[in-house]
file model_20.txt (compact mmCIF, C-alpha atoms)
# COMPACT_ATOMS: atom_id res chain seq x y z
CA MET A 1 70.14 -74.22 71.25
CA ALA A 2 69.54 -70.52 71.57
CA ARG A 3 66.45 -69.18 69.84
CA GLU A 4 67.25 -66.82 66.99
CA ILE A 5 65.70 -63.42 67.54
CA GLN A 6 64.79 -61.35 64.49
CA MET A 7 64.47 -57.64 65.05
CA ALA A 8 61.68 -55.80 63.26
CA PRO A 9 62.95 -53.08 60.92
CA SER A 10 63.00 -49.63 62.45
CA PRO A 11 61.08 -46.79 60.78
CA GLY A 12 64.35 -45.45 59.46
CA ARG A 13 65.61 -48.74 57.99
CA PRO A 14 64.59 -50.12 54.57
CA PHE A 15 62.89 -53.50 54.25
CA ASP A 16 64.87 -54.78 51.28
CA GLY A 17 67.94 -52.56 51.13
CA ALA A 18 66.18 -49.84 49.11
CA GLY A 19 66.42 -46.31 50.41
CA VAL A 20 63.58 -44.95 52.52
CA ARG A 21 62.98 -41.23 52.30
CA ARG A 22 62.71 -39.65 55.71
CA ILE A 23 60.13 -37.01 56.52
CA SER A 24 61.85 -34.34 58.59
CA ARG A 25 60.57 -34.18 62.15
CA LEU A 26 60.84 -30.40 61.96
CA ASP A 27 58.00 -30.35 59.43
CA LEU A 28 55.64 -32.62 61.36
CA ALA A 29 52.83 -30.81 63.15
CA LYS A 30 50.75 -33.58 64.68
CA MET A 31 49.41 -37.08 64.24
CA VAL A 32 46.67 -37.39 61.63
CA LYS A 33 44.25 -40.31 61.77
CA ILE A 34 43.13 -41.67 58.41
CA GLY A 35 40.65 -44.53 58.21
CA THR A 36 38.57 -46.61 55.82
CA TRP A 37 35.27 -48.35 56.45
CA ASN A 38 32.79 -50.29 54.34
CA VAL A 39 29.59 -48.97 55.94
CA ARG A 40 27.20 -51.06 53.81
CA SER A 41 25.08 -48.16 52.59
CA LEU A 42 24.54 -44.60 53.76
CA MET A 43 20.99 -44.64 52.41
CA GLU A 44 19.57 -45.44 55.85
CA MET A 45 18.21 -42.46 57.76
CA GLY A 46 20.70 -41.33 60.41
CA LYS A 47 23.53 -43.56 59.14
CA LEU A 48 25.82 -40.67 58.17
CA LYS A 49 25.26 -39.05 61.58
CA ASN A 50 26.14 -42.40 63.17
CA VAL A 51 29.44 -42.47 61.24
CA THR A 52 30.39 -38.86 62.08
CA ILE A 53 29.70 -39.53 65.78
CA GLU A 54 32.24 -42.37 65.63
CA MET A 55 34.70 -40.09 63.83
CA GLU A 56 34.36 -37.44 66.52
CA LYS A 57 34.84 -39.96 69.32
CA MET A 58 38.02 -41.33 67.76
CA ASP A 59 39.33 -37.99 66.49
CA ILE A 60 39.48 -39.22 62.88
CA GLY A 61 40.55 -36.55 60.42
CA ILE A 62 39.91 -38.35 57.13
CA LEU A 63 37.59 -41.34 56.65
CA GLY A 64 37.02 -43.09 53.34
CA VAL A 65 33.80 -45.07 53.15
CA CYS A 66 32.70 -47.76 50.69
CA GLU A 67 29.31 -48.80 49.41
CA THR A 68 27.50 -45.54 50.09
CA ARG A 69 24.99 -46.42 47.32
CA TRP A 70 24.59 -42.72 46.54
CA HIS A 71 24.24 -41.67 42.92
CA GLY A 72 26.17 -38.96 41.12
CA ALA A 73 29.16 -37.01 42.43
CA GLY A 74 29.38 -33.92 44.58
CA LYS A 75 30.13 -32.32 47.92
CA PHE A 76 28.22 -31.17 51.00
CA GLU A 77 28.77 -30.20 54.64
CA SER A 78 27.51 -32.25 57.58
CA ASP A 79 28.08 -31.71 61.32
CA GLY A 80 31.44 -29.99 60.90
CA TYR A 81 32.66 -32.42 58.24
CA THR A 82 33.05 -32.03 54.48
CA VAL A 83 31.78 -34.99 52.44
CA HIS A 84 33.02 -35.61 48.89
CA TYR A 85 31.34 -38.49 47.09
CA SER A 86 31.39 -40.40 43.80
CA GLY A 87 28.60 -42.79 42.84
CA VAL A 88 26.64 -44.30 39.99
CA PRO A 89 24.23 -42.49 37.64
CA LYS A 90 20.86 -41.43 38.96
CA GLY A 91 18.35 -44.23 39.34
CA LYS A 92 20.89 -46.85 40.45
CA HIS A 93 21.97 -47.55 43.99
CA ARG A 94 25.07 -49.74 44.18
CA SER A 95 28.72 -49.37 45.20
CA GLY A 96 29.59 -45.68 45.61
CA MET A 97 32.46 -43.96 47.42
CA ALA A 98 32.81 -41.05 49.80
CA VAL A 99 35.53 -39.38 51.84
CA ILE A 100 34.48 -37.59 55.03
CA ILE A 101 36.95 -34.92 56.12
CA ARG A 102 37.11 -32.92 59.33
CA LYS A 103 36.63 -29.20 58.74
CA ASP A 104 40.17 -28.11 59.70
CA ILE A 105 41.73 -30.70 57.38
CA ALA A 106 39.32 -29.93 54.54
CA GLU A 107 40.92 -26.49 54.34
CA ALA A 108 44.05 -28.18 52.92
CA ILE A 109 42.26 -29.80 49.96
CA LYS A 110 43.77 -28.85 46.59
CA GLN A 111 41.69 -30.97 44.26
CA VAL A 112 38.97 -33.64 44.29
CA THR A 113 38.59 -36.11 41.41
CA PRO A 114 35.61 -38.51 41.42
CA VAL A 115 37.04 -41.18 39.07
CA THR A 116 34.32 -43.87 39.10
CA ASP A 117 31.76 -45.23 41.54
CA ARG A 118 34.66 -47.34 42.92
CA ILE A 119 37.50 -44.78 43.04
CA ILE A 120 37.78 -41.20 44.33
CA LEU A 121 40.99 -39.15 44.59
CA ILE A 122 41.52 -36.25 47.01
CA GLN A 123 44.77 -34.27 46.93
CA PHE A 124 45.98 -32.25 49.91
CA ASP A 125 48.61 -29.56 50.27
CA ALA A 126 51.05 -30.80 52.91
CA LYS A 127 54.64 -30.58 54.15
CA PRO A 128 57.18 -31.69 53.11
CA VAL A 129 55.32 -33.06 50.09
CA PRO A 130 51.69 -33.09 48.86
CA VAL A 131 49.49 -35.99 50.00
CA SER A 132 47.05 -37.88 47.77
CA VAL A 133 44.36 -40.04 49.36
CA ILE A 134 42.63 -42.55 47.08
CA GLN A 135 39.57 -44.36 48.46
CA VAL A 136 38.63 -47.52 46.55
CA TYR A 137 36.08 -50.30 46.59
CA ALA A 138 37.13 -53.33 44.53
CA PRO A 139 34.56 -55.63 42.89
CA THR A 140 33.44 -58.53 45.09
CA SER A 141 34.65 -62.12 44.75
CA ASP A 142 31.73 -63.11 42.49
CA SER A 143 32.66 -60.42 39.93
CA SER A 144 34.27 -61.36 36.62
CA ASP A 145 38.00 -61.13 35.93
CA GLU A 146 37.16 -58.42 33.41
CA ASP A 147 35.56 -56.30 36.15
CA ILE A 148 38.66 -56.74 38.31
CA GLU A 149 41.00 -55.70 35.50
CA ASP A 150 38.84 -52.67 34.69
CA PHE A 151 39.08 -51.66 38.35
CA TYR A 152 42.87 -51.96 38.43
CA ASP A 153 43.22 -50.19 35.06
CA ASN A 154 41.26 -47.21 36.44
CA HIS A 155 43.34 -47.40 39.61
CA GLU A 156 46.59 -47.25 37.59
CA LYS A 157 45.32 -44.20 35.70
CA THR A 158 44.42 -42.50 38.98
CA LEU A 159 47.91 -43.03 40.39
CA ARG A 160 49.46 -41.70 37.20
CA ALA A 161 47.45 -38.50 37.70
CA THR A 162 49.46 -37.81 40.88
CA LYS A 163 53.00 -36.43 40.99
CA LYS A 164 56.04 -38.61 41.60
CA ASN A 165 57.09 -36.92 44.81
CA GLU A 166 53.63 -37.10 46.45
CA ALA A 167 52.89 -39.30 49.45
CA LYS A 168 50.24 -41.65 48.05
CA ILE A 169 47.76 -43.30 50.41
CA VAL A 170 45.37 -45.88 49.00
CA ILE A 171 42.64 -47.13 51.34
CA GLY A 172 39.52 -49.22 51.01
CA ASP A 173 37.87 -52.58 50.62
CA PHE A 174 39.91 -54.60 48.11
CA ASN A 175 37.90 -57.85 48.54
CA ALA A 176 41.22 -59.69 48.54
CA LYS A 177 43.31 -61.66 51.06
CA VAL A 178 47.06 -61.03 51.02
CA GLY A 179 47.58 -63.33 54.03
CA ASN A 180 50.55 -63.57 56.39
CA LEU A 181 53.17 -64.42 53.78
CA ALA A 182 55.88 -61.78 54.09
CA GLY A 183 57.30 -60.29 50.91
CA ASN A 184 58.64 -57.06 49.47
CA VAL A 185 55.28 -55.28 49.86
CA THR A 186 53.78 -57.17 52.84
CA GLY A 187 54.92 -57.78 56.38
CA ARG A 188 54.68 -60.92 58.50
CA TYR A 189 51.55 -59.88 60.33
CA GLY A 190 48.77 -60.30 57.81
CA LEU A 191 45.81 -62.54 58.55
CA GLY A 192 45.04 -65.93 56.96
CA ASN A 193 46.12 -67.26 53.59
CA ARG A 194 46.57 -65.39 50.33
CA ASN A 195 44.00 -65.94 47.56
CA GLU A 196 44.02 -65.19 43.81
CA ARG A 197 42.65 -61.68 44.27
CA GLY A 198 45.32 -61.12 46.91
CA GLU A 199 47.99 -62.04 44.36
CA ARG A 200 46.54 -59.43 42.01
CA LEU A 201 46.70 -56.79 44.75
CA ILE A 202 50.33 -57.72 45.52
CA GLN A 203 51.17 -57.37 41.83
CA PHE A 204 49.56 -53.94 41.77
CA CYS A 205 51.55 -52.85 44.84
CA GLN A 206 54.83 -54.08 43.35
CA THR A 207 54.22 -52.18 40.12
CA ASN A 208 53.42 -48.95 41.96
CA LYS A 209 55.96 -49.29 44.81
CA LEU A 210 53.33 -49.48 47.55
CA ILE A 211 53.36 -51.45 50.78
CA VAL A 212 50.38 -52.98 52.62
CA GLY A 213 50.61 -51.05 55.88
CA ASN A 214 48.32 -53.20 58.03
CA THR A 215 50.58 -56.26 57.62
CA TYR A 216 53.65 -54.65 59.25
CA PHE A 217 52.36 -54.25 62.81
CA LYS A 218 52.30 -57.18 65.24
CA LEU A 219 48.83 -57.18 66.76
CA PRO A 220 46.28 -59.63 68.16
CA LYS A 221 43.95 -61.10 65.52
CA CYS A 222 41.04 -59.03 66.79
CA ARG A 223 42.96 -55.97 65.56
CA LEU A 224 43.67 -57.50 62.14
CA TYR A 225 40.36 -58.75 60.73
CA THR A 226 38.25 -56.26 58.78
CA TRP A 227 35.19 -58.36 57.85
CA LYS A 228 32.93 -60.94 59.50
CA ALA A 229 31.10 -63.47 57.34
CA PRO A 230 27.30 -63.78 57.75
CA GLY A 231 27.69 -67.14 59.55
CA ASP A 232 30.32 -65.88 62.01
CA ASN A 233 29.65 -66.71 65.67
CA LEU A 234 31.53 -67.76 68.79
CA ASN A 235 31.48 -71.43 67.73
CA ASN A 236 32.23 -70.78 64.06
CA VAL A 237 34.57 -67.83 63.63
CA ILE A 238 34.80 -66.66 59.99
CA ARG A 239 36.74 -63.41 59.84
CA ASN A 240 39.01 -62.13 57.10
CA GLN A 241 41.34 -59.26 56.34
CA ILE A 242 40.13 -57.71 53.06
CA ASP A 243 40.39 -53.94 53.74
CA TYR A 244 43.85 -52.39 53.47
CA PHE A 245 45.92 -49.28 54.01
CA LEU A 246 48.54 -48.86 51.28
CA ILE A 247 51.27 -46.21 51.18
CA ASN A 248 54.21 -45.72 48.85
CA ARG A 249 57.37 -47.24 50.29
CA ARG A 250 59.44 -44.07 50.35
CA TYR A 251 57.09 -42.53 52.94
CA ARG A 252 56.59 -45.64 55.03
CA ASN A 253 58.26 -43.98 58.03
CA ALA A 254 55.32 -41.55 58.31
CA LEU A 255 53.09 -44.52 59.19
CA LYS A 256 53.02 -45.02 62.96
CA SER A 257 50.26 -47.62 63.38
CA VAL A 258 47.48 -49.38 61.45
CA LYS A 259 44.82 -51.48 63.19
CA THR A 260 41.14 -52.22 63.29
CA TYR A 261 38.65 -50.99 65.89
CA PRO A 262 35.91 -53.61 66.39
CA GLY A 263 34.27 -51.39 69.01
CA ALA A 264 33.36 -48.74 66.43
CA ASP A 265 29.78 -49.34 65.32
CA ALA A 266 27.85 -48.33 62.21
CA ASN A 267 25.65 -51.41 61.76
CA THR A 268 27.98 -53.06 59.23
CA ASP A 269 29.78 -56.39 58.91
CA HIS A 270 33.07 -54.56 58.25
CA THR A 271 35.41 -53.20 60.91
CA LEU A 272 36.87 -49.70 60.94
CA LEU A 273 40.52 -49.73 59.81
CA LEU A 274 42.45 -46.76 61.18
CA ALA A 275 46.02 -45.55 60.65
CA LYS A 276 48.03 -42.90 62.44
CA LEU A 277 50.41 -40.85 60.33
CA LYS A 278 52.64 -37.88 60.97
CA ILE A 279 52.11 -35.37 58.20
CA LYS A 280 51.69 -31.63 58.17
CA LEU A 281 48.80 -30.31 56.12
CA LYS A 282 48.90 -26.73 54.88
CA LYS A 283 45.91 -24.47 55.19
CA VAL A 284 44.87 -23.30 51.76
CA GLU A 285 43.24 -19.90 51.95
CA LYS A 286 39.99 -19.95 50.02
CA VAL A 287 38.11 -16.83 49.03
CA LYS A 288 34.46 -17.28 49.85
CA PRO A 289 32.28 -16.03 47.00
CA LYS A 290 29.68 -13.40 47.83
CA ARG A 291 26.18 -14.80 47.68
CA PHE A 292 23.16 -12.75 46.68
CA ARG A 293 19.44 -13.50 46.86
CA LEU A 294 18.83 -13.67 43.12
CA GLU A 295 15.41 -15.23 43.71
CA LEU A 296 14.20 -11.75 44.72
CA LEU A 297 14.43 -10.70 41.05
CA LYS A 298 11.26 -12.72 40.42
CA ASN A 299 9.41 -9.94 42.22
CA LYS A 300 8.55 -7.30 39.57
CA GLU A 301 8.78 -4.36 41.96
CA ILE A 302 12.24 -5.43 43.23
CA SER A 303 13.37 -6.18 39.67
CA ARG A 304 12.42 -2.65 38.53
CA LYS A 305 14.21 -1.16 41.55
CA VAL A 306 17.37 -3.17 40.77
CA GLN A 307 17.27 -2.02 37.13
CA LYS A 308 16.84 1.64 38.13
CA THR A 309 19.66 1.47 40.70
CA LEU A 310 21.98 -0.31 38.27
CA ASN A 311 21.44 2.38 35.62
CA LYS A 312 22.16 5.09 38.19
CA ASN A 313 25.37 3.36 39.33
CA LEU A 314 26.47 2.92 35.70
CA ARG A 315 25.99 6.64 34.99
CA GLU A 316 28.10 7.50 38.02
CA LYS A 317 30.91 5.30 36.76
CA SER A 318 30.79 6.41 33.13
CA ASN A 319 33.83 8.62 33.68
CA GLN A 320 35.89 5.44 34.32
CA ILE A 321 35.30 4.18 30.76
CA ASP A 322 38.06 5.15 28.34
CA GLY A 323 36.60 3.47 25.27
CA THR A 324 38.24 0.07 25.77
CA VAL A 325 36.37 -3.18 26.40
CA ASP A 326 38.28 -3.82 29.64
CA SER A 327 37.38 -0.46 31.16
CA GLY A 328 33.72 -0.88 30.15
CA TRP A 329 33.55 -4.34 31.72
CA ALA A 330 35.27 -3.15 34.92
CA ALA A 331 32.79 -0.29 35.31
CA PHE A 332 29.79 -2.55 34.68
CA LYS A 333 31.07 -5.21 37.11
CA GLU A 334 31.63 -2.64 39.85
CA ALA A 335 28.17 -1.12 39.31
CA ALA A 336 26.47 -4.53 39.29
CA LEU A 337 28.17 -5.63 42.53
CA GLN A 338 27.32 -2.32 44.19
CA THR A 339 23.66 -2.75 43.20
CA ALA A 340 23.54 -6.34 44.42
CA GLU A 341 25.14 -5.33 47.73
CA GLU A 342 22.45 -2.67 48.22
CA LEU A 343 19.36 -4.66 47.22
CA LEU A 344 20.11 -8.42 47.04
CA ARG A 345 22.55 -9.06 49.89
CA GLN A 346 22.03 -12.02 52.22
CA ASN A 347 20.59 -10.69 55.46
CA GLY A 348 22.68 -13.01 57.64
CA ASP A 349 19.70 -14.71 59.28
CA ARG A 350 19.66 -17.85 57.17
CA ARG A 351 17.89 -20.53 59.10
CA THR A 352 19.81 -23.66 59.92
CA GLN A 353 18.13 -27.01 59.55
CA LYS A 354 16.76 -28.31 62.79
CA GLU A 355 18.75 -31.22 64.19
CA TRP A 356 16.50 -34.25 64.02
CA ILE A 357 18.93 -36.72 65.63
CA THR A 358 17.83 -36.59 69.25
CA ASP A 359 19.69 -37.59 72.42
CA GLU A 360 17.47 -40.68 72.55
CA ILE A 361 18.60 -41.77 69.08
CA ILE A 362 22.26 -41.21 70.02
CA ALA A 363 21.66 -43.30 73.15
CA LEU A 364 20.40 -46.11 70.90
CA PHE A 365 23.62 -45.81 68.85
CA GLU A 366 25.58 -46.23 72.08
CA LYS A 367 23.50 -49.23 73.17
CA ARG A 368 24.13 -51.01 69.86
CA ARG A 369 27.81 -50.07 70.04
CA ASP A 370 28.11 -51.66 73.52
call {"tool": "encode", "arguments": {"input": "model_20.txt", "output": "structure tokens"}}
result
Amino acid sequence: MAREIQMAPSPGRPFDGAGVRRISRLDLAKMVKIGTWNVRSLMEMGKLKNVTIEMEKMDIGILGVCETRWHGAGKFESDGYTVHYSGVPKGKHRSGMAVIIRKDIAEAIKQVTPVTDRIILIQFDAKPVPVSVIQVYAPTSDSSDEDIEDFYDNHEKTLRATKKNEAKIVIGDFNAKVGNLAGNVTGRYGLGNRNERGERLIQFCQTNKLIVGNTYFKLPKCRLYTWKAPGDNLNNVIRNQIDYFLINRRYRNALKSVKTYPGADANTDHTLLLAKLKIKLKKVEKVKPKRFRLELLKNKEISRKVQKTLNKNLREKSNQIDGTVDSGWAAFKEAALQTAEELLRQNGDRRTQKEWITDEIIALFEKRRD
């Protein structure tokens, strides 16, 4: 009896008969790599540098990381990458999210929303539609059902904050197993058996019309697992798929591959999950604000000089004031900026922090990676 051969759906064909919106090839600039990784704390000295080295090696444009254990929310630059983070209040060090973005891609950011210490939303300007990336870190298996529902409630609210036509990408550690049971949001190539938390994730995907991208690509198991249990060894293999790459169904054809990279190393029990997508990000022109050395005003002599110069500049511009508030403000603003340019301007020789990660330390990273 001949063996029945089932063809995998092509990128242009729907999974269940529903229409799939195509992204025009004319609008696609290049492949963008987007990944997620539970790094098990970025509090260790040199850990962030370790992660950015891996990003550079693998040409990753956007990387969401879980369990940073940083407090508060904010942004900073590091080694050519922009880091946006969302954590817990000061004094606590648990959970925490961050998204590390390569400099050229960071120019396309429209808005950043730190939702909770488990959810952060970053919206990009892109063609043919905007792209929203949501990095999440679900409560662990020993958390209460109430914690899980709070997480998904916040997640629902975050998705509702995006526009209908946006390409929505949800990445992170969901601490759930969807398994290899194919359905309307999962493919046939998941790993293991579905558990209760996996059912909850499936329900969430169905409600929000998302698919679990890393279950649609036929790969060896070593490219599917995302976490190794503490007791895992060659004689007792305990590896699960609990980190996922979700994307709304209508833009599924932009997803070209999703797989794990066990060779990437950041001293964590999780494996880097990386997807390749074809999307075109727009460059948003940002006006850099002028920075002045206001700390110089603490010097009495400089302060007096600034005051004298400002008064002089104001007198010179008095003919621009026609008695209205707007004209008075415009004249004052122009005089103040002129004074600051003359006496408080940055001198352009700001010292950069000395790089403390040496070649020897990077060699140790490589040794551990091997």
call {"tool": "atom_distance", "arguments": {"input": "model_20.txt", "atom1": "atom CA of Tyr137 of chain A", "atom2": "atom CA of Leu246 of chain A"}}
result
13.4 Å
call {"tool": "residues_around", "arguments": {"input": "model_20.txt", "residues": "segment 108-116 of chain A", "least_positions_apart": "2", "cutoff": "8 Å", "atoms": "only C-alpha atoms", "output": "list in words"}}
result
Ala73, His84, Tyr85, Ser86, Gly87, Val88, Asp104, Ile105, Ala106, Arg118, Ile119, Ile120, Leu121, Ile122, Gln123, Phe124, Asp125, Ala126, Asn154, Thr158, Leu281, Lys282, Lys283 and Val284 of chain A
call {"tool": "closest_residue", "arguments": {"input": "model_20.txt", "among": "A:Gly183, A:Gly35, A:Gly96, A:Gly72", "to": "Glu54 of chain A", "atoms": "only C-alpha atoms"}}
result
A:Gly35
call {"tool": "atom_distance", "arguments": {"input": "model_20.txt", "atom1": "atom CA of Val258 of chain A", "atom2": "atom CA of Ile34 of chain A"}}
result
9.4 Å
call {"tool": "atom_distance", "arguments": {"input": "model_20.txt", "atom1": "atom CA of Ala331 of chain A", "atom2": "atom CA of Phe292 of chain A"}}
result
19.4 Å
